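So this block is data27.pdb, PDB, C-alpha atoms:
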```
MODEL        1
ATOM      1  CA  VAL L1307       0.000   0.000   0.000  1.00  0.00           C
ATOM      2  CA  ALA L1308       2.753   2.447   0.930  1.00  0.00           C
ATOM      3  CA  ALA L1309       4.590   2.002  -2.384  1.00  0.00           C
ATOM      4  CA  ARG L1310       1.340   2.444  -4.300  1.00  0.00           C
ATOM      5  CA  GLU L1311       0.791   5.694  -2.401  1.00  0.00           C
ATOM      6  CA  GLY L1312       4.286   6.924  -3.299  1.00  0.00           C
ATOM      7  CA  ASP L1313       6.118   6.505   0.014  1.00  0.00           C
ATOM      8  CA  ALA L1314       9.781   6.990  -0.943  1.00  0.00           C
ATOM      9  CA  ALA L1315      11.173   4.241   1.293  1.00  0.00           C
ATOM     10  CA  ALA L1316       8.548   1.736   0.134  1.00  0.00           C
ATOM     11  CA  VAL L1317       9.150   2.597  -3.517  1.00  0.00           C
ATOM     12  CA  ARG L1318      12.904   2.102  -3.013  1.00  0.00           C
ATOM     13  CA  ILE L1319      12.322  -1.300  -1.400  1.00  0.00           C
ATOM     14  CA  VAL L1320      10.008  -2.380  -4.226  1.00  0.00           C
ATOM     15  CA  ASN L1321      12.519  -1.250  -6.868  1.00  0.00           C
ATOM     16  CA  GLU L1322      15.358  -3.086  -5.114  1.00  0.00           C
ATOM     17  CA  ALA L1323      13.237  -6.247  -4.913  1.00  0.00           C
ATOM     18  CA  ALA L1324      12.371  -5.972  -8.611  1.00  0.00           C
ATOM     19  CA  ALA L1325      16.058  -5.537  -9.474  1.00  0.00           C
ATOM     20  CA  ALA L1326      16.954  -8.635  -7.426  1.00  0.00           C
ATOM     21  CA  LEU L1327      14.251 -10.717  -9.136  1.00  0.00           C
ATOM     22  CA  ALA L1328      15.339  -9.452 -12.562  1.00  0.00           C
ATOM     23  CA  GLU L1329      18.900 -10.459 -11.706  1.00  0.00           C
ATOM     24  CA  LEU L1330      17.676 -14.020 -11.124  1.00  0.00           C
ATOM     25  CA  VAL L1331      15.891 -13.975 -14.479  1.00  0.00           C
ATOM     26  CA  ASP L1332      19.127 -12.684 -16.044  1.00  0.00           C
ATOM     27  CA  VAL L1333      21.046 -15.685 -14.664  1.00  0.00           C
ATOM     28  CA  VAL L1334      18.466 -18.157 -15.966  1.00  0.00           C
ATOM     29  CA  GLU L1335      18.199 -16.347 -19.312  1.00  0.00           C
ATOM     30  CA  ARG L1336      21.846 -17.173 -20.067  1.00  0.00           C
ATOM     31  CA  MET L1337      21.013 -20.896 -19.947  1.00  0.00           C
ATOM     32  CA  PHE L1338      18.763 -20.712 -23.032  1.00  0.00           C
ATOM     33  CA  PRO L1339      19.657 -20.259 -26.713  1.00  0.00           C
ATOM     34  CA  PRO L1340      20.451 -16.568 -27.212  1.00  0.00           C
ATOM     35  CA  ASP L1341      18.343 -15.999 -30.322  1.00  0.00           C
ATOM     36  CA  ASP L1342      15.062 -17.377 -29.017  1.00  0.00           C
ATOM     37  CA  PRO L1343      12.421 -15.364 -27.170  1.00  0.00           C
ATOM     38  CA  LEU L1344      12.196 -16.391 -23.540  1.00  0.00           C
ATOM     39  CA  PRO L1345       8.785 -16.500 -21.848  1.00  0.00           C
ATOM     40  CA  VAL L1346       8.869 -15.782 -18.124  1.00  0.00           C
ATOM     41  CA  ALA L1347       5.849 -16.230 -15.873  1.00  0.00           C
ATOM     42  CA  ALA L1348       5.102 -14.356 -12.664  1.00  0.00           C
ATOM     43  CA  ALA L1349       2.890 -15.813  -9.972  1.00  0.00           C
ATOM     44  CA  GLY L1350       2.320 -15.426  -6.285  1.00  0.00           C
ATOM     45  CA  GLY L1351       0.665 -13.135  -3.822  1.00  0.00           C
ATOM     46  CA  LEU L1352       3.170 -10.301  -4.249  1.00  0.00           C
ATOM     47  CA  LEU L1353       2.916 -10.359  -8.040  1.00  0.00           C
ATOM     48  CA  HIS L1354      -0.824  -9.855  -8.555  1.00  0.00           C
ATOM     49  CA  SER L1355      -2.062  -7.548 -11.309  1.00  0.00           C
ATOM     50  CA  GLU L1356      -2.240  -4.408  -9.132  1.00  0.00           C
ATOM     51  CA  SER L1357       1.115  -5.002  -7.461  1.00  0.00           C
ATOM     52  CA  PRO L1358       3.758  -2.252  -7.482  1.00  0.00           C
ATOM     53  CA  LEU L1359       6.331  -5.065  -7.433  1.00  0.00           C
ATOM     54  CA  LEU L1360       4.907  -6.586 -10.616  1.00  0.00           C
ATOM     55  CA  ARG L1361       4.994  -3.227 -12.377  1.00  0.00           C
ATOM     56  CA  ALA L1362       8.567  -2.570 -11.236  1.00  0.00           C
ATOM     57  CA  LEU L1363       9.609  -6.075 -12.288  1.00  0.00           C
ATOM     58  CA  GLU L1364       8.081  -5.650 -15.752  1.00  0.00           C
ATOM     59  CA  LEU L1365       9.997  -2.388 -16.201  1.00  0.00           C
ATOM     60  CA  GLU L1366      13.271  -3.839 -14.925  1.00  0.00           C
ATOM     61  CA  ILE L1367      13.043  -6.950 -17.095  1.00  0.00           C
ATOM     62  CA  GLY L1368      12.106  -4.850 -20.117  1.00  0.00           C
ATOM     63  CA  ARG L1369      15.137  -2.641 -19.532  1.00  0.00           C
ATOM     64  CA  ARG L1370      17.624  -5.465 -18.915  1.00  0.00           C
ATOM     65  CA  LEU L1371      16.358  -8.358 -20.978  1.00  0.00           C
ATOM     66  CA  PRO L1372      14.624  -7.362 -24.207  1.00  0.00           C
ATOM     67  CA  ARG L1373      14.143 -10.951 -25.410  1.00  0.00           C
ATOM     68  CA  VAL L1374      12.176 -11.922 -22.328  1.00  0.00           C
ATOM     69  CA  GLN L1375       8.440 -12.128 -22.943  1.00  0.00           C
ATOM     70  CA  PHE L1376       6.904 -11.368 -19.586  1.00  0.00           C
ATOM     71  CA  GLN L1377       3.810 -13.484 -18.900  1.00  0.00           C
ATOM     72  CA  ALA L1378       2.088 -11.670 -16.059  1.00  0.00           C
ATOM     73  CA  SER L1379      -1.329 -13.236 -16.550  1.00  0.00           C
ATOM     74  CA  VAL L1380      -0.374 -16.689 -15.237  1.00  0.00           C
ATOM     75  CA  ALA L1381      -2.452 -17.372 -12.135  1.00  0.00           C
ATOM     76  CA  ASP L1382      -1.337 -20.876 -11.158  1.00  0.00           C
ATOM     77  CA  ALA L1383       2.436 -21.432 -11.240  1.00  0.00           C
ATOM     78  CA  PRO L1384       2.459 -25.200 -11.938  1.00  0.00           C
ATOM     79  CA  LEU L1385      -0.218 -24.928 -14.634  1.00  0.00           C
ATOM     80  CA  GLY L1386       1.557 -21.924 -16.131  1.00  0.00           C
ATOM     81  CA  ALA L1387       4.849 -23.825 -16.253  1.00  0.00           C
ATOM     82  CA  LEU L1388       3.151 -26.730 -18.017  1.00  0.00           C
ATOM     83  CA  ARG L1389       1.503 -24.384 -20.511  1.00  0.00           C
ATOM     84  CA  LEU L1390       4.781 -22.642 -21.290  1.00  0.00           C
ATOM     85  CA  ALA L1391       6.605 -25.967 -21.607  1.00  0.00           C
ATOM     86  CA  ARG L1392       4.000 -27.172 -24.131  1.00  0.00           C
ATOM     87  CA  GLU L1393       4.557 -24.042 -26.223  1.00  0.00           C
ATOM     88  CA  MET L1394       8.324 -24.532 -26.386  1.00  0.00           C
ATOM     89  CA  PRO L1395       9.661 -25.912 -29.669  1.00  0.00           C
TER      90      PRO L1395
ENDMDL
END
```

Could you spell out this file's structure in structure tokens?
Amino acid sequence: VAAREGDAAAVRIVNEAAAALAELVDVVERMFPPDDPLPVAAAGGLLHSESPLLRALELEIGRRLPRVQFQASVADAPLGALRLAREMP
């Protein structure tokens, strides 16, 4: 709530968390062929559609990792992983 309302400390914490999560995606991204798009799913209570963390993560991943296709609409992590695995060539 505080980050959504613009509290400077909360916004900083959210941005740092998004940067840390994007760093993990960056590590995993290197394990896949470099020319292919890479779908990444977000799920969990802190990454719901109105979440400041989700918005910050989308921005950070977009800035760092242009080939990543952010899949924010996945609601169930195991089902989302299966769906993404089925779509892989």

* **Closest of L:Ala1328, L:Ala1323, L:Arg1389, L:Arg1318 to Glu1364 (chain L) - atom-to-atom distances counting only C-alpha atoms** =>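 Under the stated criterion, the closest residue is L:Ala1328.
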
Where does the PyMOL selection byres ((chain L and resi 1325) around 12) land in this file, that is, which residues does it pick, as an mmCIF file with C-alpha atoms, in the frame of the given file?
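Result went into selection_26.cif, see below:
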```cif
data_model
loop_
_atom_site.group_PDB
_atom_site.id
_atom_site.type_symbol
_atom_site.label_atom_id
_atom_site.label_comp_id
_atom_site.auth_asym_id
_atom_site.auth_seq_id
_atom_site.Cartn_x
_atom_site.Cartn_y
_atom_site.Cartn_z
ATOM 1 C CA ARG L 1318 12.904 2.102 -3.013
ATOM 2 C CA ILE L 1319 12.322 -1.300 -1.400
ATOM 3 C CA VAL L 1320 10.008 -2.380 -4.226
ATOM 4 C CA ASN L 1321 12.519 -1.250 -6.868
ATOM 5 C CA GLU L 1322 15.358 -3.086 -5.114
ATOM 6 C CA ALA L 1323 13.237 -6.247 -4.913
ATOM 7 C CA ALA L 1324 12.371 -5.972 -8.611
ATOM 8 C CA ALA L 1326 16.954 -8.635 -7.426
ATOM 9 C CA LEU L 1327 14.251 -10.717 -9.136
ATOM 10 C CA ALA L 1328 15.339 -9.452 -12.562
ATOM 11 C CA GLU L 1329 18.900 -10.459 -11.706
ATOM 12 C CA LEU L 1330 17.676 -14.020 -11.124
ATOM 13 C CA VAL L 1331 15.891 -13.975 -14.479
ATOM 14 C CA ASP L 1332 19.127 -12.684 -16.044
ATOM 15 C CA LEU L 1359 6.331 -5.065 -7.433
ATOM 16 C CA LEU L 1360 4.907 -6.586 -10.616
ATOM 17 C CA ARG L 1361 4.994 -3.227 -12.377
ATOM 18 C CA ALA L 1362 8.567 -2.570 -11.236
ATOM 19 C CA LEU L 1363 9.609 -6.075 -12.288
ATOM 20 C CA GLU L 1364 8.081 -5.650 -15.752
ATOM 21 C CA LEU L 1365 9.997 -2.388 -16.201
ATOM 22 C CA GLU L 1366 13.271 -3.839 -14.925
ATOM 23 C CA ILE L 1367 13.043 -6.950 -17.095
ATOM 24 C CA GLY L 1368 12.106 -4.850 -20.117
ATOM 25 C CA ARG L 1369 15.137 -2.641 -19.532
ATOM 26 C CA ARG L 1370 17.624 -5.465 -18.915
ATOM 27 C CA LEU L 1371 16.358 -8.358 -20.978
#
```

* What does the distance between CA of Ala1347 (chain L) and CA of Gln1377 (chain L) come to in Å, to one decimal place? -> 4.6 Å

* Kindly resolve the PyMOL selection byres ((chain L and resi 1344) around 7) on the present coordinates and return the residues as an MDAnalysis selection string. => chainID L and resid 1342:1343 1345:1346 1373:1375

* Point out the residue among L:Pro1358, L:Gly1350, L:Gly1312, L:Pro1339 with the least atom-to-atom distance to Pro1395 (chain L), counting only C-alpha atoms. => L:Pro1339

* CA of Ala1349 (chain L) to CA of Ala1387 (chain L): how many Å, to one decimal? ->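 The value is 10.4 Å.
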
* Counting all atoms listed in the file, figure out which residue out of L:Pro1340, L:Glu1356, L:Phe1376, L:Met1394 gets nearest to Arg1310 (chain L). => L:Glu1356

* Determine the nearest neighbour of Pro1384 (chain L) from the options L:Ser1357, L:Val1317, L:Ala1348, L:Val1333, counting only C-alpha atoms. => L:Ala1348

* Work out how far CA of Ala1309 (chain L) is from CA of Ser1355 (chain L), in Å to one decimal. => 14.7 Å

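The closest residue to Pro1372 (chain L), picked from L:Ala1316, L:Glu1311, L:Asp1341, L:Leu1353 and counting only C-alpha atoms, is L:Asp1341.
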
For region 1351-1362 of chain L, supply all heavy atoms and format the output as a PDB file, keeping the file's coordinate frame.
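Saved result, selection.pdb, follows:
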```
ATOM      1  N   GLY L1351       1.425 -14.189  -4.470  1.00  0.00           N
ATOM      2  CA  GLY L1351       0.665 -13.135  -3.822  1.00  0.00           C
ATOM      3  C   GLY L1351       1.241 -11.743  -3.980  1.00  0.00           C
ATOM      4  O   GLY L1351       0.505 -10.767  -4.017  1.00  0.00           O
ATOM      5  N   LEU L1352       2.556 -11.619  -4.096  1.00  0.00           N
ATOM      6  CA  LEU L1352       3.170 -10.301  -4.249  1.00  0.00           C
ATOM      7  C   LEU L1352       3.201  -9.832  -5.696  1.00  0.00           C
ATOM      8  O   LEU L1352       3.570  -8.697  -5.968  1.00  0.00           O
ATOM      9  CB  LEU L1352       4.591 -10.310  -3.687  1.00  0.00           C
ATOM     10  CG  LEU L1352       4.692 -10.478  -2.179  1.00  0.00           C
ATOM     11  CD1 LEU L1352       6.153 -10.587  -1.754  1.00  0.00           C
ATOM     12  CD2 LEU L1352       4.018  -9.326  -1.463  1.00  0.00           C
ATOM     13  N   LEU L1353       2.830 -10.697  -6.621  1.00  0.00           N
ATOM     14  CA  LEU L1353       2.916 -10.359  -8.040  1.00  0.00           C
ATOM     15  C   LEU L1353       1.539 -10.358  -8.708  1.00  0.00           C
ATOM     16  O   LEU L1353       1.403 -10.704  -9.871  1.00  0.00           O
ATOM     17  CB  LEU L1353       3.859 -11.323  -8.757  1.00  0.00           C
ATOM     18  CG  LEU L1353       5.309 -11.246  -8.298  1.00  0.00           C
ATOM     19  CD1 LEU L1353       6.122 -12.394  -8.865  1.00  0.00           C
ATOM     20  CD2 LEU L1353       5.920  -9.914  -8.685  1.00  0.00           C
ATOM     21  N   HIS L1354       0.518  -9.952  -7.976  1.00  0.00           N
ATOM     22  CA  HIS L1354      -0.824  -9.855  -8.555  1.00  0.00           C
ATOM     23  C   HIS L1354      -0.898  -8.645  -9.482  1.00  0.00           C
ATOM     24  O   HIS L1354       0.005  -7.810  -9.522  1.00  0.00           O
ATOM     25  CB  HIS L1354      -1.891  -9.790  -7.452  1.00  0.00           C
ATOM     26  CG  HIS L1354      -1.727  -8.620  -6.542  1.00  0.00           C
ATOM     27  ND1 HIS L1354      -2.221  -7.368  -6.838  1.00  0.00           N
ATOM     28  CD2 HIS L1354      -1.112  -8.511  -5.339  1.00  0.00           C
ATOM     29  CE1 HIS L1354      -1.913  -6.539  -5.861  1.00  0.00           C
ATOM     30  NE2 HIS L1354      -1.238  -7.206  -4.940  1.00  0.00           N
ATOM     31  N   SER L1355      -1.972  -8.540 -10.235  1.00  0.00           N
ATOM     32  CA  SER L1355      -2.062  -7.548 -11.309  1.00  0.00           C
ATOM     33  C   SER L1355      -1.959  -6.093 -10.849  1.00  0.00           C
ATOM     34  O   SER L1355      -1.540  -5.232 -11.617  1.00  0.00           O
ATOM     35  CB  SER L1355      -3.355  -7.744 -12.102  1.00  0.00           C
ATOM     36  OG  SER L1355      -4.467  -7.521 -11.260  1.00  0.00           O
ATOM     37  N   GLU L1356      -2.310  -5.790  -9.635  1.00  0.00           N
ATOM     38  CA  GLU L1356      -2.240  -4.408  -9.132  1.00  0.00           C
ATOM     39  C   GLU L1356      -0.978  -4.140  -8.320  1.00  0.00           C
ATOM     40  O   GLU L1356      -0.834  -3.086  -7.718  1.00  0.00           O
ATOM     41  CB  GLU L1356      -3.469  -4.122  -8.259  1.00  0.00           C
ATOM     42  CG  GLU L1356      -4.786  -4.288  -8.979  1.00  0.00           C
ATOM     43  CD  GLU L1356      -4.936  -3.313 -10.123  1.00  0.00           C
ATOM     44  OE1 GLU L1356      -4.576  -2.129  -9.971  1.00  0.00           O
ATOM     45  OE2 GLU L1356      -5.398  -3.746 -11.198  1.00  0.00           O
ATOM     46  N   SER L1357      -0.067  -5.069  -8.313  1.00  0.00           N
ATOM     47  CA  SER L1357       1.115  -5.002  -7.461  1.00  0.00           C
ATOM     48  C   SER L1357       2.165  -4.009  -7.968  1.00  0.00           C
ATOM     49  O   SER L1357       2.583  -4.074  -9.124  1.00  0.00           O
ATOM     50  CB  SER L1357       1.752  -6.391  -7.385  1.00  0.00           C
ATOM     51  OG  SER L1357       3.033  -6.332  -6.816  1.00  0.00           O
ATOM     52  N   PRO L1358       2.639  -3.118  -7.102  1.00  0.00           N
ATOM     53  CA  PRO L1358       3.758  -2.252  -7.482  1.00  0.00           C
ATOM     54  C   PRO L1358       5.013  -3.072  -7.812  1.00  0.00           C
ATOM     55  O   PRO L1358       5.799  -2.696  -8.677  1.00  0.00           O
ATOM     56  CB  PRO L1358       3.991  -1.379  -6.251  1.00  0.00           C
ATOM     57  CG  PRO L1358       2.716  -1.435  -5.477  1.00  0.00           C
ATOM     58  CD  PRO L1358       2.117  -2.777  -5.774  1.00  0.00           C
ATOM     59  N   LEU L1359       5.174  -4.209  -7.148  1.00  0.00           N
ATOM     60  CA  LEU L1359       6.331  -5.065  -7.433  1.00  0.00           C
ATOM     61  C   LEU L1359       6.243  -5.632  -8.840  1.00  0.00           C
ATOM     62  O   LEU L1359       7.241  -5.662  -9.558  1.00  0.00           O
ATOM     63  CB  LEU L1359       6.436  -6.192  -6.399  1.00  0.00           C
ATOM     64  CG  LEU L1359       7.585  -7.177  -6.586  1.00  0.00           C
ATOM     65  CD1 LEU L1359       8.934  -6.462  -6.626  1.00  0.00           C
ATOM     66  CD2 LEU L1359       7.563  -8.233  -5.499  1.00  0.00           C
ATOM     67  N   LEU L1360       5.064  -6.068  -9.258  1.00  0.00           N
ATOM     68  CA  LEU L1360       4.907  -6.586 -10.616  1.00  0.00           C
ATOM     69  C   LEU L1360       5.221  -5.508 -11.642  1.00  0.00           C
ATOM     70  O   LEU L1360       5.946  -5.747 -12.606  1.00  0.00           O
ATOM     71  CB  LEU L1360       3.493  -7.119 -10.836  1.00  0.00           C
ATOM     72  CG  LEU L1360       3.191  -7.651 -12.231  1.00  0.00           C
ATOM     73  CD1 LEU L1360       4.097  -8.823 -12.574  1.00  0.00           C
ATOM     74  CD2 LEU L1360       1.733  -8.043 -12.339  1.00  0.00           C
ATOM     75  N   ARG L1361       4.711  -4.325 -11.433  1.00  0.00           N
ATOM     76  CA  ARG L1361       4.994  -3.227 -12.377  1.00  0.00           C
ATOM     77  C   ARG L1361       6.483  -2.915 -12.440  1.00  0.00           C
ATOM     78  O   ARG L1361       7.053  -2.723 -13.513  1.00  0.00           O
ATOM     79  CB  ARG L1361       4.206  -1.990 -11.979  1.00  0.00           C
ATOM     80  CG  ARG L1361       2.731  -2.173 -12.237  1.00  0.00           C
ATOM     81  CD  ARG L1361       1.968  -0.889 -12.049  1.00  0.00           C
ATOM     82  NE  ARG L1361       0.545  -1.186 -12.143  1.00  0.00           N
ATOM     83  CZ  ARG L1361      -0.360  -0.755 -11.311  1.00  0.00           C
ATOM     84  NH1 ARG L1361      -0.006   0.020 -10.304  1.00  0.00           N
ATOM     85  NH2 ARG L1361      -1.617  -1.079 -11.465  1.00  0.00           N
ATOM     86  N   ALA L1362       7.127  -2.851 -11.281  1.00  0.00           N
ATOM     87  CA  ALA L1362       8.567  -2.570 -11.236  1.00  0.00           C
ATOM     88  C   ALA L1362       9.353  -3.694 -11.894  1.00  0.00           C
ATOM     89  O   ALA L1362      10.337  -3.450 -12.607  1.00  0.00           O
ATOM     90  CB  ALA L1362       9.014  -2.358  -9.791  1.00  0.00           C
TER      91      ALA L1362
END
```
